[in-house]
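Worksheet for the structure shown next.
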Amino acid sequence: MYVSARTDYAVRAMLSVTVEHPRLVKAATLAAAQDIPLSFLQGILLDLRRAGLLHSHRGVEGGYALARPAEEITVGDVVRAVGGALATVRGLPTTHATYHGAATGLHDVWVAVEEAIEGVVDHKTLAELSTIKESA
């Protein structure tokens, strides 16, 4: 699995919002706390908001907050919100990969890889990760 900077930044930003809950967190504060370029982070936050993972509040006292409880948001939710599919083969979903002859078995391998990734990221919540961070 390739984890892009965008995906890594998104998960880190969501964890920062999680540990500040219920306080609103400004984009600039998130950027500084996680060493993420602010202009890049703003696009990520927009995607997270559009995916229903964050609420944004305007104004001097505004900022970002989780749209759902941290126990209900998985790493997989965040990854999909900013990066789409968890695994692809040549830019297509693993289920669309087709092979012939000696490579026929590869389809099942790529589908199994995606399922293994899902087994990790869809079962690790922001609440669990923020608890791990706090106790470390």
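By convention here, the chains of the structure tokens are called A, B, ... in the order presented, each chain's residues are numbered starting at 1, and ligands are numbered starting at 1 in the order presented.
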
Quick one: residues within 12 Å of Val89 in chain A, only C-alpha atoms, excluding same-chain residues fewer than 6 positions away - as an MDAnalysis selection string?
chainID A and resid 1:2 95:99 106:111 113:114

So that I can see what lies close to Phe40 in chain A, please list as a CSV table (one decimal) with C-alpha atoms, in the first residue's frame the residues with an atom at most 12 Å from it, counting only C-alpha atoms and leaving out residues fewer than 6 positions away in the same chain.
chain,number,residue,atom,x,y,z
A,5,ALA,CA,1.5,12.7,1.8
A,6,ARG,CA,-2.1,13.8,1.4
A,7,THR,CA,-3.4,10.7,3.1
A,9,TYR,CA,-1.6,14.5,6.5
A,10,ALA,CA,-5.4,13.8,6.6
A,13,ALA,CA,-5.1,16.3,11.1
A,27,ALA,CA,-6.6,25.1,10.2
A,28,ALA,CA,-3.5,27.1,11.0
A,30,LEU,CA,-3.5,22.0,12.8
A,31,ALA,CA,-0.9,22.9,10.2
A,46,LEU,CA,-12.4,20.6,2.5
A,47,ASP,CA,-12.4,16.9,1.4
A,82,VAL,CA,-9.0,12.0,0.5

Distance in Å - CA of Asp8 in chain A versus CA of Arg58 in chain A:
25.5 Å

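Candidate residues A:Ala87, A:Ala112, A:Ile36, A:Ile73 were compared for distance to Lys124 in chain A, and the nearest is A:Ile73, using only C-alpha atoms.
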
Which of chain A DSSP labels strand (DSSP E), written as a list in words:
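Secondary structure check on chain A, strand (DSSP E): Leu54, His55, Ser56, His57, Gly63, Tyr64, Ala65, Leu66, Thr88, Val89, Leu92 and Pro93 of chain A.
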
Taking the DSSP secondary structure from the backbone, can you list the residues of chain A that are alpha helix (DSSP H), as a ChimeraX atom specification?
/A:5-20,27-34,38-50,75-83,106-121,126-135

Arg80 in chain A: which residues within 12 Å, counting only C-alpha atoms, same-chain residues fewer than 3 positions away excluded, as number ranges by chain?
A: 3, 6-8, 10-11, 44, 47-48, 50-53, 73-77, 83-87, 118, 121-122

Please provide the set of residues having any atom within 9 Å of range 61-67 of chain A, restricted to only C-alpha atoms, with same-chain residues fewer than 4 positions apart removed, written as a VMD selection string.
chain A and resid 14 17 to 18 20 to 27 45 49 52 to 57

With only C-alpha atoms as the atoms that count, which of A:Leu41, A:Val19, A:Val79, A:Ala70 lies nearest to Ser4 in chain A?
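Of the candidates, the smallest distance to Ser4 in chain A is held by A:Val79.
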
Identify, on the basis of only C-alpha atoms, every residue whose closest approach to Glu71 in chain A does not exceed 9 Å; exclude the query and any residue fewer than 4 positions from it along the same chain; express the result as an MDAnalysis selection string.
chainID A and resid 125:128

Interatomic distance (Å, one decimal) between CA of Glu115 in chain A and CA of Gly43 in chain A
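Separation of CA of Glu115 in chain A and CA of Gly43 in chain A: 28.4 Å.
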
If you measure from CA of Gln42 in chain A to CA of Pro69 in chain A, what distance in Å do you get, rounded to one decimal?
21.9 Å
